[in-house]
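Reviewing the structure listed below.
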Amino acid sequence: MAKQSGKMENLVSNASLQSAYKGKKVLLTGHTGFKGAWLMNWLQMLGADVKGYALPPSYEGGIYQLMEPFATGASILADIRNKELLKQTVQDFQPDFIFHLAAQPLVRLSYEIPAETFEVNAVGTANLLETAISLNKRCAVVVITTDKVYENKEQDILYTENDVLGGYDPYSASKACTEIVVSSFRSSFFNPSQSLQNRPSVASARAGNVIGGGDWSKDRIVPDIVRALRNGAPIPVRNPNSVRPWQHVLEPLHGYLILGAMLYAQPVEFSTAFNFGPLPADHLTVQELVETAIDSWGSGEWNNLATPGQPHEANLLKLHIGKAMQQLQWKPKLNAKEAIQWTIEWYKQPVEKQLDFTLNQINSYQQL
């Protein structure tokens, strides 16, 4: 059980998060992606010195491309599998925090490139953690995985951090492998039973299905919704009855920031895994997500495209978030329908206003 300190409770506040990160060096892998670009904005707003390491964006119109002029000199566009460059980056930058989001993040794509998915997600994480071994300083390393790391029994249960890891599809299995990599490195090189005052410490964060503005990934439901609504076409829906732990992107990012700060302050107590998701009663089906998005947009319709033989995706998945609520004093601020409304409002903005709207949403979230 983590210590329940006043310092911990204060870290939940915006001012204390700023105190934790202001002037600190933060290495953020995957900063060109959907979640990574949101986190880069937030860290810069907190006054952190952020350096990103990632492949170039995989699609047009994402938040990173909107903010790229403001990130000049802070981006290294390279593969996480380039171990020598990654090691040189870590050694040169000497980060106080590392948030590792670089990954192959798509379930359906993992069926097309299964070996590469394992290589990027599991071996890429091992590359990063190996580079951290040589850091002779305190550094909080937060590895971001997914809610899909658990052996999914397709039952109405809430998965806890101690449940068995698994994965049907290559993406989910690769992320379970990533968690095993984290556990191995933690035991072998960053053992919390030993002093971590002048060495890196490692935690992992497992988040549910994240939605928000600026995501244009292929085969993700929100980009599919927005593309269809903009074109006046019916929304294609593959799995309308599937239940997911939907949450706005700012919810888990807030959790990551708190976890990183706590890991830095109390490395022994917080070198572990945490789930981040909605409250137990706040899980929606894909159909409910789509219909709420249509209401927020003001028009639209959807088509059920469920067909036999399509690549397997989990039908029922829920997370237990009690550990994060108790030990990190983190909790969701938006319910699922509010998260959908915030997301659709972002996509309604003209391109020239999307970056400002992103920053405004971060500010609004912090005030909740």
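We label chains A, B, ... in the order they appear in the structure tokens, count residues from 1 in each chain, and number ligands from 1 in the order shown.
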Which residues are near stretch 80-97 of chain A? Cut-off 6 Å, only C-alpha atoms, ignore same chain within fewer than 5 positions. Put them as an NGL selection string. :A and (25-27 or 124 or 127 or 131 or 139-141)
Residue set, stretch 146-317 of chain A restricted to strand (DSSP E), as a list in words: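 Written out, the strand (DSSP E) residues of stretch 146-317 of chain A are Pro200, Ser201, Val202, Ala203, Ser204, Ala205, Arg206, Ala207, Val210, Ile211, Ile235, Pro236, Val237, Val243, Arg244, Gln247, His248, Ala273, Phe274, Asn275, Phe276, Leu284, Thr285, Trp302, Asn303 and Asn304 of chain A.
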Just N, CA and C atoms for this one: save the residues we selected as a PDB file, in the first residue's frame.
ATOM      1  N   PRO A 200      16.777   5.349 -11.978  1.00  0.00           N
ATOM      2  CA  PRO A 200      15.421   5.397 -12.529  1.00  0.00           C
ATOM      3  C   PRO A 200      14.478   4.417 -11.819  1.00  0.00           C
ATOM      4  N   SER A 201      13.199   4.731 -11.862  1.00  0.00           N
ATOM      5  CA  SER A 201      12.143   3.854 -11.378  1.00  0.00           C
ATOM      6  C   SER A 201      11.094   3.732 -12.479  1.00  0.00           C
ATOM      7  N   VAL A 202      10.369   2.616 -12.505  1.00  0.00           N
ATOM      8  CA  VAL A 202       9.489   2.313 -13.641  1.00  0.00           C
ATOM      9  C   VAL A 202       8.100   1.922 -13.162  1.00  0.00           C
ATOM     10  N   ALA A 203       7.088   2.526 -13.785  1.00  0.00           N
ATOM     11  CA  ALA A 203       5.692   2.153 -13.569  1.00  0.00           C
ATOM     12  C   ALA A 203       5.034   1.967 -14.930  1.00  0.00           C
ATOM     13  N   SER A 204       3.892   1.282 -14.955  1.00  0.00           N
ATOM     14  CA  SER A 204       3.134   1.157 -16.203  1.00  0.00           C
ATOM     15  C   SER A 204       1.715   1.652 -15.986  1.00  0.00           C
ATOM     16  N   ALA A 205       1.134   2.163 -17.075  1.00  0.00           N
ATOM     17  CA  ALA A 205      -0.217   2.719 -17.032  1.00  0.00           C
ATOM     18  C   ALA A 205      -1.063   2.051 -18.103  1.00  0.00           C
ATOM     19  N   ARG A 206      -2.202   1.532 -17.685  1.00  0.00           N
ATOM     20  CA  ARG A 206      -3.091   0.786 -18.579  1.00  0.00           C
ATOM     21  C   ARG A 206      -4.400   1.556 -18.717  1.00  0.00           C
ATOM     22  N   ALA A 207      -4.623   2.140 -19.889  1.00  0.00           N
ATOM     23  CA  ALA A 207      -5.778   3.000 -20.096  1.00  0.00           C
ATOM     24  C   ALA A 207      -6.811   2.338 -20.990  1.00  0.00           C
ATOM     25  N   VAL A 210      -9.522   5.490 -25.570  1.00  0.00           N
ATOM     26  CA  VAL A 210      -9.361   6.931 -25.444  1.00  0.00           C
ATOM     27  C   VAL A 210      -9.884   7.629 -26.692  1.00  0.00           C
ATOM     28  N   ILE A 211     -10.674   8.677 -26.478  1.00  0.00           N
ATOM     29  CA  ILE A 211     -11.209   9.465 -27.582  1.00  0.00           C
ATOM     30  C   ILE A 211     -10.871  10.936 -27.342  1.00  0.00           C
ATOM     31  N   ILE A 235     -22.448   6.300 -40.969  1.00  0.00           N
ATOM     32  CA  ILE A 235     -21.270   5.889 -40.216  1.00  0.00           C
ATOM     33  C   ILE A 235     -21.162   4.370 -40.265  1.00  0.00           C
ATOM     34  N   PRO A 236     -20.029   3.812 -40.700  1.00  0.00           N
ATOM     35  CA  PRO A 236     -19.879   2.352 -40.690  1.00  0.00           C
ATOM     36  C   PRO A 236     -19.536   1.858 -39.285  1.00  0.00           C
ATOM     37  N   VAL A 237     -20.307   0.922 -38.776  1.00  0.00           N
ATOM     38  CA  VAL A 237     -20.112   0.412 -37.419  1.00  0.00           C
ATOM     39  C   VAL A 237     -19.949  -1.103 -37.483  1.00  0.00           C
ATOM     40  N   VAL A 243     -18.835  -3.403 -25.725  1.00  0.00           N
ATOM     41  CA  VAL A 243     -18.769  -2.462 -24.601  1.00  0.00           C
ATOM     42  C   VAL A 243     -17.318  -2.099 -24.353  1.00  0.00           C
ATOM     43  N   ARG A 244     -17.051  -0.806 -24.206  1.00  0.00           N
ATOM     44  CA  ARG A 244     -15.688  -0.327 -24.031  1.00  0.00           C
ATOM     45  C   ARG A 244     -15.622   0.707 -22.896  1.00  0.00           C
ATOM     46  N   GLN A 247     -13.143   6.997 -22.616  1.00  0.00           N
ATOM     47  CA  GLN A 247     -12.761   8.132 -21.793  1.00  0.00           C
ATOM     48  C   GLN A 247     -12.097   9.180 -22.670  1.00  0.00           C
ATOM     49  N   HIS A 248     -12.267  10.441 -22.295  1.00  0.00           N
ATOM     50  CA  HIS A 248     -11.592  11.504 -23.037  1.00  0.00           C
ATOM     51  C   HIS A 248     -10.098  11.401 -22.805  1.00  0.00           C
ATOM     52  N   ALA A 273       1.891  -1.045 -11.510  1.00  0.00           N
ATOM     53  CA  ALA A 273       0.957  -0.800 -12.614  1.00  0.00           C
ATOM     54  C   ALA A 273      -0.321  -0.158 -12.101  1.00  0.00           C
ATOM     55  N   PHE A 274      -0.922   0.692 -12.943  1.00  0.00           N
ATOM     56  CA  PHE A 274      -2.181   1.351 -12.602  1.00  0.00           C
ATOM     57  C   PHE A 274      -3.120   1.343 -13.798  1.00  0.00           C
ATOM     58  N   ASN A 275      -4.399   1.056 -13.527  1.00  0.00           N
ATOM     59  CA  ASN A 275      -5.458   1.164 -14.530  1.00  0.00           C
ATOM     60  C   ASN A 275      -6.042   2.574 -14.515  1.00  0.00           C
ATOM     61  N   PHE A 276      -6.387   3.087 -15.703  1.00  0.00           N
ATOM     62  CA  PHE A 276      -7.087   4.364 -15.826  1.00  0.00           C
ATOM     63  C   PHE A 276      -8.258   4.187 -16.779  1.00  0.00           C
ATOM     64  N   LEU A 284     -20.094   2.432 -22.157  1.00  0.00           N
ATOM     65  CA  LEU A 284     -21.087   2.488 -23.225  1.00  0.00           C
ATOM     66  C   LEU A 284     -20.781   1.469 -24.314  1.00  0.00           C
ATOM     67  N   THR A 285     -21.833   1.045 -25.020  1.00  0.00           N
ATOM     68  CA  THR A 285     -21.627   0.242 -26.221  1.00  0.00           C
ATOM     69  C   THR A 285     -21.160   1.142 -27.359  1.00  0.00           C
ATOM     70  N   TRP A 302     -26.195   5.822 -38.999  1.00  0.00           N
ATOM     71  CA  TRP A 302     -25.153   4.804 -39.014  1.00  0.00           C
ATOM     72  C   TRP A 302     -25.672   3.510 -39.601  1.00  0.00           C
ATOM     73  N   ASN A 303     -24.741   2.701 -40.124  1.00  0.00           N
ATOM     74  CA  ASN A 303     -25.051   1.387 -40.692  1.00  0.00           C
ATOM     75  C   ASN A 303     -24.331   0.302 -39.909  1.00  0.00           C
ATOM     76  N   ASN A 304     -25.027  -0.776 -39.637  1.00  0.00           N
ATOM     77  CA  ASN A 304     -24.438  -1.930 -38.961  1.00  0.00           C
ATOM     78  C   ASN A 304     -23.706  -2.777 -39.995  1.00  0.00           C
TER      79      ASN A 304
END
Give me, as a short mmCIF file (atom, residue, chain, number, x, y, z; two decimals) with all heavy atoms, in the first residue's frame, all polymer residues having an atom no more than 9 Å from A:Asn41, counting only C-alpha atoms and skipping those fewer than 4 positions away in the same chain.
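Contents of the output file result01.cif:
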data_model
loop_
_atom_site.label_atom_id
_atom_site.label_comp_id
_atom_site.auth_asym_id
_atom_site.auth_seq_id
_atom_site.Cartn_x
_atom_site.Cartn_y
_atom_site.Cartn_z
N GLY A 36 0.15 11.30 -27.57
CA GLY A 36 1.44 11.93 -27.33
C GLY A 36 1.41 13.42 -27.58
O GLY A 36 2.02 14.20 -26.82
N ALA A 37 0.73 13.87 -28.64
CA ALA A 37 0.68 15.29 -28.95
C ALA A 37 -0.13 16.05 -27.90
O ALA A 37 0.23 17.18 -27.52
CB ALA A 37 0.08 15.50 -30.34
N MET A 45 2.63 23.35 -21.26
CA MET A 45 1.84 24.30 -20.47
C MET A 45 2.25 24.28 -19.00
O MET A 45 2.16 25.29 -18.31
CB MET A 45 0.35 23.98 -20.62
CG MET A 45 -0.21 24.26 -22.00
SD MET A 45 -1.91 23.65 -22.23
CE MET A 45 -2.80 24.73 -21.11
N LEU A 46 2.73 23.12 -18.53
CA LEU A 46 3.19 23.00 -17.14
C LEU A 46 4.61 23.53 -16.95
O LEU A 46 5.11 23.57 -15.83
CB LEU A 46 3.13 21.54 -16.68
CG LEU A 46 1.74 20.93 -16.52
CD1 LEU A 46 1.84 19.42 -16.25
CD2 LEU A 46 0.95 21.62 -15.41
N TYR A 64 -0.14 17.18 -33.45
CA TYR A 64 1.29 17.45 -33.57
C TYR A 64 1.58 18.37 -34.75
O TYR A 64 2.39 19.30 -34.66
CB TYR A 64 2.07 16.15 -33.73
CG TYR A 64 3.54 16.39 -34.03
CD1 TYR A 64 4.41 16.80 -33.03
CD2 TYR A 64 4.05 16.25 -35.32
CE1 TYR A 64 5.75 17.06 -33.30
CE2 TYR A 64 5.38 16.49 -35.61
CZ TYR A 64 6.22 16.90 -34.59
OH TYR A 64 7.54 17.16 -34.87
N MET A 67 0.79 21.92 -33.93
CA MET A 67 1.68 22.58 -32.98
C MET A 67 3.13 22.52 -33.41
O MET A 67 3.98 23.10 -32.75
CB MET A 67 1.55 21.93 -31.60
CG MET A 67 2.05 20.49 -31.55
SD MET A 67 1.98 19.78 -29.89
CE MET A 67 3.30 20.66 -29.07
N THR A 358 -7.58 23.11 -28.52
CA THR A 358 -6.90 22.06 -27.76
C THR A 358 -6.41 22.60 -26.43
O THR A 358 -6.65 22.01 -25.36
CB THR A 358 -5.71 21.50 -28.56
OG1 THR A 358 -6.19 20.93 -29.79
CG2 THR A 358 -4.95 20.44 -27.77
N LEU A 359 -5.72 23.73 -26.47
CA LEU A 359 -5.18 24.34 -25.24
C LEU A 359 -6.31 24.77 -24.31
O LEU A 359 -6.21 24.63 -23.08
CB LEU A 359 -4.29 25.52 -25.60
CG LEU A 359 -3.11 25.21 -26.53
CD1 LEU A 359 -2.31 26.48 -26.80
CD2 LEU A 359 -2.22 24.13 -25.94
N ILE A 362 -7.64 21.75 -22.49
CA ILE A 362 -6.74 21.37 -21.39
C ILE A 362 -6.98 22.29 -20.19
O ILE A 362 -7.11 21.83 -19.05
CB ILE A 362 -5.27 21.42 -21.83
CG1 ILE A 362 -4.99 20.37 -22.90
CG2 ILE A 362 -4.34 21.20 -20.63
CD1 ILE A 362 -3.60 20.46 -23.51
#
Considering only helix (DSSP H, G or I) as DSSP defines it on the backbone, what residues of stretch 53-224 of chain A qualify? List them as an NGL selection string. :A and (63-71 or 83-93 or 107-112 or 114-133 or 147-149 or 170-188 or 221-224)
Best match for closeness to A:Tyr347 among A:Asp282, A:Asp215, A:Glu151, A:Glu161, counting only C-alpha atoms: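 That would be A:Asp215, the residue with the smallest distance to A:Tyr347.
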Quick one: everything within 7 Å of A:Lys175, counting only C-alpha atoms, minus sequence neighbours fewer than 6 positions away in the same chain. Send it as a list in words.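 Returned residues: Asn121, Ala122, Thr145, Thr146 and Val149 of chain A.
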For A:Leu355, please output as a ChimeraX atom specification all residues within 10 Å (counting only C-alpha atoms; exclusion window: fewer than 4 positions along the same chain). /A:41,62-67,214,346,349-351,359-361
Counting only C-alpha atoms, what is within 9 Å of A:Thr125, bar same-chain residues fewer than 6 positions away, as a PDB file with N, CA, C and O atoms, in the first residue's frame?
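Okay, out_29.pdb is ready:
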ATOM      1  N   ILE A  80      11.732   3.858 -32.691  1.00  0.00           N
ATOM      2  CA  ILE A  80      12.074   3.402 -31.345  1.00  0.00           C
ATOM      3  C   ILE A  80      12.971   2.166 -31.405  1.00  0.00           C
ATOM      4  O   ILE A  80      13.661   1.822 -30.440  1.00  0.00           O
ATOM      5  N   ARG A  81      13.018   1.509 -32.564  1.00  0.00           N
ATOM      6  CA  ARG A  81      13.876   0.336 -32.726  1.00  0.00           C
ATOM      7  C   ARG A  81      15.320   0.710 -33.063  1.00  0.00           C
ATOM      8  O   ARG A  81      16.176  -0.177 -33.105  1.00  0.00           O
ATOM      9  N   HIS A 100       6.636   6.875 -22.062  1.00  0.00           N
ATOM     10  CA  HIS A 100       6.845   6.042 -23.251  1.00  0.00           C
ATOM     11  C   HIS A 100       5.500   5.683 -23.871  1.00  0.00           C
ATOM     12  O   HIS A 100       4.785   4.804 -23.389  1.00  0.00           O
ATOM     13  N   ALA A 102       5.397   5.572 -27.561  1.00  0.00           N
ATOM     14  CA  ALA A 102       5.660   5.111 -28.923  1.00  0.00           C
ATOM     15  C   ALA A 102       5.232   3.652 -29.070  1.00  0.00           C
ATOM     16  O   ALA A 102       5.640   2.800 -28.286  1.00  0.00           O
ATOM     17  N   ALA A 103       4.403   3.371 -30.080  1.00  0.00           N
ATOM     18  CA  ALA A 103       3.853   2.025 -30.227  1.00  0.00           C
ATOM     19  C   ALA A 103       3.192   1.863 -31.584  1.00  0.00           C
ATOM     20  O   ALA A 103       2.925   2.846 -32.283  1.00  0.00           O
ATOM     21  N   VAL A 143       5.598   3.772 -18.529  1.00  0.00           N
ATOM     22  CA  VAL A 143       5.356   3.059 -19.785  1.00  0.00           C
ATOM     23  C   VAL A 143       3.848   2.921 -19.975  1.00  0.00           C
ATOM     24  O   VAL A 143       3.153   2.365 -19.115  1.00  0.00           O
ATOM     25  N   THR A 178       4.712  -6.364 -23.477  1.00  0.00           N
ATOM     26  CA  THR A 178       5.328  -5.119 -23.009  1.00  0.00           C
ATOM     27  C   THR A 178       5.293  -5.038 -21.496  1.00  0.00           C
ATOM     28  O   THR A 178       6.274  -4.638 -20.852  1.00  0.00           O
ATOM     29  N   VAL A 181       7.924  -7.235 -20.147  1.00  0.00           N
ATOM     30  CA  VAL A 181       9.214  -6.560 -20.294  1.00  0.00           C
ATOM     31  C   VAL A 181       9.418  -5.555 -19.160  1.00  0.00           C
ATOM     32  O   VAL A 181      10.483  -5.507 -18.525  1.00  0.00           O
ATOM     33  N   VAL A 182       8.395  -4.753 -18.878  1.00  0.00           N
ATOM     34  CA  VAL A 182       8.482  -3.767 -17.796  1.00  0.00           C
ATOM     35  C   VAL A 182       8.752  -4.459 -16.464  1.00  0.00           C
ATOM     36  O   VAL A 182       9.625  -4.035 -15.688  1.00  0.00           O
TER      37      VAL A 182
END
Between atom CA of A:Ile344 and atom CA of A:Asn363, measure the distance and give it in Å to one decimal.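 Atom CA of A:Asn363 lies 17.6 Å from atom CA of A:Ile344.
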Please determine, counting only C-alpha atoms, which residue among A:Trp342, A:Tyr150, A:Tyr59, A:Tyr53 has the shortest atom-to-atom distance to A:Gly213.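 Of A:Trp342, A:Tyr150, A:Tyr59, A:Tyr53, the one nearest A:Gly213 is A:Trp342, counting only C-alpha atoms.
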For stretch 17-21 of chain A, list every protein, DNA or RNA residue within 12 Å, evaluated using only C-alpha atoms, and leave out those in the same chain fewer than 5 positions away; present the list as an MDAnalysis selection string. chainID A and resid 7:12 26:27 42:50 95:98 140 254:265 366
